[in-house]
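Below: one structure, written as structure tokens.
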Amino acid sequence: MSTQAAPAADTSHSPSPWPAVAMAVALLTVSISLLLIAFAWPSVRSSVHDVPIAVAGPAPAVRQMTAVLDQRLPDGFEVVEVTDTAAAERLIRDREVYGAIDLGSGIPQVITASAGSAAVAQTLNGIAAGLGQTQGAGTAGAARDLVPLPADDPRGAGLAAGALPLVMGGLLTALLLTRLVRGSVRRVVGALAFAVTGGLAVTAILQFWFGSLDGSYAANTGAIALTIAAIALTILGLESLLGYVGFGLGGATMMLIGNPLSGTATAPEMLPDWSGTLGQLLPPGAGGQLLRSTAFFDGHGATHSATVLATWLTLGAVLCLVGDLRRRPPATTEEAPVQLAAHAAV
């Protein structure tokens, strides 16, 4: 009498075990907590500390004003002492300071650059009203915006909101190219080509439609294109070397660290502790500062940001090359004579 084995039970439609559900809930809880910390912590802990400003005027008056500022906002400002208004304005235009307090005329005058940071300009304007009384003049200190934001976007909303799309653009570039394009060289060329076309499009929207940018359209396009290329090539390089783990690592670094710590909406010096410095060493932060330089300060102060972006771009290209070489199988002993014969025939 023959027997037949019982058919295997079909578990494809059976419910998942409860431990799997619990693990999914735990992962989701950790994920949303990390997202909240990444994006909310810099804003909640944002404050004025070590913001470089100039104070112009006679040395005794400058020392007195420095003491007053330190009393009102302890460790809030890093004061650069200059002798006259022209020197203070030069430092502002060169992006060495965010603003200045001019004591040369007897009545304190606050000089801001809202294009450098609307948040810092607002802070300086907030202390302007009391400067006249502090100096004994009986008149509120005047305020003057030396490098204002465009009239069509006086709050700088477009520039601040544009930081996330640049990160997303680089992330999506890497995602699509890894899925649709084979070959490291072609992926690198595709990323660079999109950086140019994407830079042209994004700059046109920000500058000509939203009115959020001034300056040279070509220079602004270069800043945005370099930012997109640095982000995209870094993620492509990590994916080429480490696979999906590298893609996740690169995406998380740019999205969860680089974007919240970019300081584009405020200023790097207003972020908590060391986070502002870290943000300027990553492409999103360096890209935001580079765009401010090209759009409002004729390129002054752009060297550090451009160097950071070029370094990440180069690193990404090198990682793509290394990953491609690692995946390329070595020629076997049987294939070697055939390849040599083919080269000889050519």
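So you can find residues: chains in the structure tokens are A, B, ... in the order shown, residues in each start at 1, and ligands are numbered from 1 in order.
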Legend entry - Those in range 107-223 of chain A with strand (DSSP E) from DSSP, as a PyMOL selection string: chain A and resi 109-112+142-145
Output C-alpha atoms for every residue in the selection just made, as a PDB file, in the first residue's frame.
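result-v9.pdb, written as the output of this step:
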ATOM      1  CA  GLN A 109      24.124 102.885  14.767  1.00  0.00           C
ATOM      2  CA  VAL A 110      23.514  99.207  14.121  1.00  0.00           C
ATOM      3  CA  ILE A 111      24.575  97.989  10.687  1.00  0.00           C
ATOM      4  CA  THR A 112      23.043  94.658   9.670  1.00  0.00           C
ATOM      5  CA  ALA A 142      19.494 103.804  14.486  1.00  0.00           C
ATOM      6  CA  ALA A 143      19.626 100.686  12.296  1.00  0.00           C
ATOM      7  CA  ARG A 144      20.717 100.280   8.688  1.00  0.00           C
ATOM      8  CA  ASP A 145      20.611  97.171   6.497  1.00  0.00           C
TER       9      ASP A 145
END
Legend entry - Contacts of Asp102 in chain A at 10 Å (only C-alpha atoms; same-chain gap of 5+ positions) as a list in words: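 Surrounding residues, per the criterion: Ala54, Val55, Ala56, Gly57, Pro58, Val62, Val82, Thr83, Asp84, Thr85, Ala86, Ala88, Glu89, Ile107, Pro108, Gln109, Val110, Ile111, Gly141, Ala142 and Ala143 of chain A.
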Same residues, C-alpha atoms, output as a PDB file, in the first residue's frame:
ATOM      1  CA  ALA A  54      32.286  94.460  14.447  1.00  0.00           C
ATOM      2  CA  VAL A  55      32.221  97.422  16.799  1.00  0.00           C
ATOM      3  CA  ALA A  56      33.623 100.622  15.274  1.00  0.00           C
ATOM      4  CA  GLY A  57      34.726 103.730  17.119  1.00  0.00           C
ATOM      5  CA  PRO A  58      37.189 105.045  19.691  1.00  0.00           C
ATOM      6  CA  VAL A  62      34.337 100.083  21.903  1.00  0.00           C
ATOM      7  CA  VAL A  82      37.706  98.450  14.145  1.00  0.00           C
ATOM      8  CA  THR A  83      38.365 102.161  14.053  1.00  0.00           C
ATOM      9  CA  ASP A  84      35.812 103.471  11.569  1.00  0.00           C
ATOM     10  CA  THR A  85      32.583 102.788   9.689  1.00  0.00           C
ATOM     11  CA  ALA A  86      34.316 101.912   6.415  1.00  0.00           C
ATOM     12  CA  ALA A  88      33.149  97.693   9.630  1.00  0.00           C
ATOM     13  CA  GLU A  89      31.269  97.770   6.334  1.00  0.00           C
ATOM     14  CA  ILE A 107      24.729 108.080  18.361  1.00  0.00           C
ATOM     15  CA  PRO A 108      25.140 104.293  18.133  1.00  0.00           C
ATOM     16  CA  GLN A 109      24.124 102.885  14.767  1.00  0.00           C
ATOM     17  CA  VAL A 110      23.514  99.207  14.121  1.00  0.00           C
ATOM     18  CA  ILE A 111      24.575  97.989  10.687  1.00  0.00           C
ATOM     19  CA  GLY A 141      20.145 103.740  18.208  1.00  0.00           C
ATOM     20  CA  ALA A 142      19.494 103.804  14.486  1.00  0.00           C
ATOM     21  CA  ALA A 143      19.626 100.686  12.296  1.00  0.00           C
TER      22      ALA A 143
END
Inset, instruction - Could you tell me which of A:Ser240, A:Ser293, A:Thr178, A:Ser262 comes closest to Arg95 in chain A if we count only C-alpha atoms? - result: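 Looking only at the distances to Arg95 in chain A, the closest residue turns out to be A:Ser293.
For Ala38 in chain A, the list of residues within 7 Å, based on only C-alpha atoms and with local chain neighbours fewer than 4 positions off taken out, reads Leu34, Leu256, Ile257 and Pro260 of chain A.
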Listing only residues of range 138-236 of chain A within 7 Å of range 274-286 of chain A, what is the closest atom pair and its distance in Å (to one decimal) for each, using only C-alpha atoms, sorted by chain and residue number ascending, as CSV?
residue,atom,partner,partner_atom,distance
A:Ala163,CA,A:Pro284,CA,6.9
A:Val167,CA,A:Pro284,CA,6.6
A:Thr227,CA,A:Pro283,CA,6.1
A:Ala230,CA,A:Pro283,CA,6.5
A:Ile231,CA,A:Pro283,CA,6.3
Inset, instruction - Please provide the set of residues having any atom within 12 Å of Leu159 in chain A, restricted to only C-alpha atoms, with same-chain residues fewer than 4 positions apart removed, written as a PyMOL selection string. - result: chain A and resi 115-118+149-150+153-155+163-166+202-203+205-207+210-214+220+224+263-266+287-292+295-296
Resulting file, chosen residues, C-alpha atoms, as a short mmCIF file (atom, residue, chain, number, x, y, z; two decimals), in the first residue's frame:
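Once written, out.cif looks like this:
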data_model
loop_
_atom_site.label_atom_id
_atom_site.label_comp_id
_atom_site.auth_asym_id
_atom_site.auth_seq_id
_atom_site.Cartn_x
_atom_site.Cartn_y
_atom_site.Cartn_z
CA ALA A 115 21.06 88.66 3.43
CA GLY A 116 23.78 87.04 5.56
CA SER A 117 21.33 85.98 8.25
CA ALA A 118 17.88 87.40 8.87
CA LEU A 149 17.39 90.50 1.25
CA PRO A 150 15.48 90.95 -2.04
CA ASP A 153 11.41 87.86 -0.41
CA PRO A 154 12.34 90.09 2.54
CA ARG A 155 12.23 87.21 5.04
CA ALA A 163 17.78 73.69 1.38
CA LEU A 164 15.66 70.53 1.66
CA PRO A 165 14.89 70.23 -2.09
CA LEU A 166 18.62 70.36 -2.84
CA VAL A 202 16.21 75.57 -9.38
CA THR A 203 18.12 78.84 -9.73
CA ILE A 205 12.74 79.40 -9.99
CA LEU A 206 14.38 80.97 -6.94
CA GLN A 207 15.80 83.99 -8.74
CA PHE A 210 10.26 83.73 -6.34
CA GLY A 211 12.69 86.64 -6.31
CA SER A 212 14.66 85.05 -3.47
CA LEU A 213 18.12 85.50 -5.01
CA ASP A 214 20.14 88.42 -6.32
CA ASN A 220 24.11 81.02 -8.34
CA ILE A 224 23.44 74.98 -6.57
CA GLY A 263 22.16 76.68 9.37
CA THR A 264 20.57 77.97 6.18
CA ALA A 265 17.44 79.24 7.92
CA THR A 266 19.35 81.04 10.70
CA GLY A 287 25.98 74.69 -0.21
CA GLY A 288 23.69 77.08 1.65
CA GLN A 289 26.58 79.33 2.66
CA LEU A 290 28.05 79.24 -0.84
CA LEU A 291 24.72 80.31 -2.33
CA ARG A 292 24.49 83.26 0.09
CA ALA A 295 23.75 85.72 -4.44
CA PHE A 296 24.36 88.64 -2.05
#
Within 9 Å of Pro272 in chain A using only C-alpha atoms, minus same-chain residues under 4 positions, as a PDB file with all heavy atoms, in the first residue's frame:
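Once written, part.pdb looks like this:
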ATOM      1  N   TRP A  41      15.710  69.446  17.350  1.00  0.00           N
ATOM      2  CA  TRP A  41      16.728  69.819  18.331  1.00  0.00           C
ATOM      3  C   TRP A  41      17.503  71.069  17.935  1.00  0.00           C
ATOM      4  O   TRP A  41      17.689  71.970  18.766  1.00  0.00           O
ATOM      5  CB  TRP A  41      17.681  68.642  18.553  1.00  0.00           C
ATOM      6  CG  TRP A  41      18.834  68.959  19.457  1.00  0.00           C
ATOM      7  CD1 TRP A  41      18.799  69.195  20.797  1.00  0.00           C
ATOM      8  CD2 TRP A  41      20.205  69.075  19.070  1.00  0.00           C
ATOM      9  NE1 TRP A  41      20.060  69.442  21.274  1.00  0.00           N
ATOM     10  CE2 TRP A  41      20.949  69.385  20.251  1.00  0.00           C
ATOM     11  CE3 TRP A  41      20.889  68.946  17.865  1.00  0.00           C
ATOM     12  CZ2 TRP A  41      22.329  69.561  20.231  1.00  0.00           C
ATOM     13  CZ3 TRP A  41      22.265  69.121  17.845  1.00  0.00           C
ATOM     14  CH2 TRP A  41      22.959  69.432  19.011  1.00  0.00           C
ATOM     15  N   PRO A  42      17.970  71.220  16.668  1.00  0.00           N
ATOM     16  CA  PRO A  42      18.687  72.451  16.333  1.00  0.00           C
ATOM     17  C   PRO A  42      17.846  73.708  16.512  1.00  0.00           C
ATOM     18  O   PRO A  42      18.358  74.750  16.928  1.00  0.00           O
ATOM     19  CB  PRO A  42      19.067  72.235  14.857  1.00  0.00           C
ATOM     20  CG  PRO A  42      19.069  70.767  14.665  1.00  0.00           C
ATOM     21  CD  PRO A  42      17.955  70.264  15.543  1.00  0.00           C
ATOM     22  N   SER A  43      16.557  73.627  16.210  1.00  0.00           N
ATOM     23  CA  SER A  43      15.703  74.800  16.348  1.00  0.00           C
ATOM     24  C   SER A  43      15.395  75.115  17.804  1.00  0.00           C
ATOM     25  O   SER A  43      15.433  76.273  18.231  1.00  0.00           O
ATOM     26  CB  SER A  43      14.392  74.589  15.573  1.00  0.00           C
ATOM     27  OG  SER A  43      14.643  74.391  14.194  1.00  0.00           O
ATOM     28  N   ARG A  45      17.119  74.382  20.466  1.00  0.00           N
ATOM     29  CA  ARG A  45      18.314  74.794  21.192  1.00  0.00           C
ATOM     30  C   ARG A  45      19.062  75.934  20.497  1.00  0.00           C
ATOM     31  O   ARG A  45      20.171  76.293  20.888  1.00  0.00           O
ATOM     32  CB  ARG A  45      19.260  73.597  21.355  1.00  0.00           C
ATOM     33  CG  ARG A  45      18.696  72.523  22.283  1.00  0.00           C
ATOM     34  CD  ARG A  45      18.660  73.021  23.719  1.00  0.00           C
ATOM     35  NE  ARG A  45      18.188  71.982  24.642  1.00  0.00           N
ATOM     36  CZ  ARG A  45      16.971  71.867  25.078  1.00  0.00           C
ATOM     37  NH1 ARG A  45      16.050  72.741  24.672  1.00  0.00           N
ATOM     38  NH2 ARG A  45      16.618  70.911  25.915  1.00  0.00           N
ATOM     39  N   SER A  46      18.464  76.526  19.476  1.00  0.00           N
ATOM     40  CA  SER A  46      19.108  77.622  18.753  1.00  0.00           C
ATOM     41  C   SER A  46      19.215  78.860  19.634  1.00  0.00           C
ATOM     42  O   SER A  46      18.268  79.225  20.346  1.00  0.00           O
ATOM     43  CB  SER A  46      18.301  77.954  17.493  1.00  0.00           C
ATOM     44  OG  SER A  46      18.880  79.048  16.804  1.00  0.00           O
ATOM     45  N   SER A  47      20.365  79.514  19.609  1.00  0.00           N
ATOM     46  CA  SER A  47      20.583  80.731  20.386  1.00  0.00           C
ATOM     47  C   SER A  47      21.761  81.488  19.801  1.00  0.00           C
ATOM     48  O   SER A  47      22.519  80.958  18.973  1.00  0.00           O
ATOM     49  CB  SER A  47      20.848  80.395  21.859  1.00  0.00           C
ATOM     50  OG  SER A  47      22.041  79.646  21.987  1.00  0.00           O
ATOM     51  N   HIS A  49      25.304  82.728  19.997  1.00  0.00           N
ATOM     52  CA  HIS A  49      26.544  82.511  20.733  1.00  0.00           C
ATOM     53  C   HIS A  49      27.722  82.583  19.773  1.00  0.00           C
ATOM     54  O   HIS A  49      27.719  81.984  18.700  1.00  0.00           O
ATOM     55  CB  HIS A  49      26.533  81.164  21.465  1.00  0.00           C
ATOM     56  CG  HIS A  49      26.315  79.970  20.587  1.00  0.00           C
ATOM     57  ND1 HIS A  49      27.331  79.326  19.941  1.00  0.00           N
ATOM     58  CD2 HIS A  49      25.182  79.319  20.239  1.00  0.00           C
ATOM     59  CE1 HIS A  49      26.845  78.323  19.227  1.00  0.00           C
ATOM     60  NE2 HIS A  49      25.541  78.293  19.391  1.00  0.00           N
ATOM     61  N   PRO A 268      24.975  79.351  11.148  1.00  0.00           N
ATOM     62  CA  PRO A 268      25.655  78.238  11.821  1.00  0.00           C
ATOM     63  C   PRO A 268      25.999  78.553  13.271  1.00  0.00           C
ATOM     64  O   PRO A 268      25.963  77.666  14.126  1.00  0.00           O
ATOM     65  CB  PRO A 268      26.923  78.052  10.981  1.00  0.00           C
ATOM     66  CG  PRO A 268      26.584  78.603   9.637  1.00  0.00           C
ATOM     67  CD  PRO A 268      25.636  79.729   9.887  1.00  0.00           C
ATOM     68  N   GLY A 276      26.886  73.552  14.577  1.00  0.00           N
ATOM     69  CA  GLY A 276      27.023  74.476  13.456  1.00  0.00           C
ATOM     70  C   GLY A 276      28.307  74.240  12.682  1.00  0.00           C
ATOM     71  O   GLY A 276      28.323  74.282  11.446  1.00  0.00           O
TER      72      GLY A 276
END
Inset, instruction - Would you mind telling me which residue in A:Val79, A:Val30, A:Trp209, A:Ser216 lies nearest to Asp152 in chain A when using only C-alpha atoms? - result: A:Trp209
Inset, instruction - Step one, run DSSP on the backbone; step two, keep only residues of range 11-154 of chain A assigned to alpha helix (DSSP H); then write them as an MDAnalysis selection string. - result: chainID A and resid 18:44 59:72 85:93 118:134
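Take the candidates A:Leu91, A:Asp273, A:Val185, A:Ala232 and check each one against Leu172 in chain A using only C-alpha atoms; the shortest distance goes to A:Ala232.
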Inset, instruction - Identify, on the basis of only C-alpha atoms, every residue whose closest approach to Arg187 in chain A does not exceed 8 Å; exclude the query and any residue fewer than 4 positions from it along the same chain; express the result as a PyMOL selection string. - result: chain A and resi 177-178+181-183+191+236
Using C-alpha atoms, can you write the selected residues to a file as a PDB file, in the first residue's frame?
ATOM      1  CA  LEU A 177      20.760  56.296 -11.309  1.00  0.00           C
ATOM      2  CA  THR A 178      21.480  53.189  -9.232  1.00  0.00           C
ATOM      3  CA  VAL A 181      21.783  53.083 -15.113  1.00  0.00           C
ATOM      4  CA  ARG A 182      24.558  50.480 -15.165  1.00  0.00           C
ATOM      5  CA  GLY A 183      28.212  51.411 -15.071  1.00  0.00           C
ATOM      6  CA  ALA A 191      24.801  62.836 -11.820  1.00  0.00           C
ATOM      7  CA  LEU A 236      26.514  57.065  -5.351  1.00  0.00           C
TER       8      LEU A 236
END
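With distances restricted to only C-alpha atoms, A:Thr234 is the closest residue to Gly248 in chain A from A:Gly169, A:Thr307, A:Ala20, A:Thr234.
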Inset, instruction - Might you pull out every residue within 12 Å of Thr314 in chain A, with only C-alpha atoms counted and same-chain residues fewer than 3 positions away left off, and present them as number ranges by chain? - result: A: 188, 192, 226, 229-234, 236-237, 307-311, 317-321
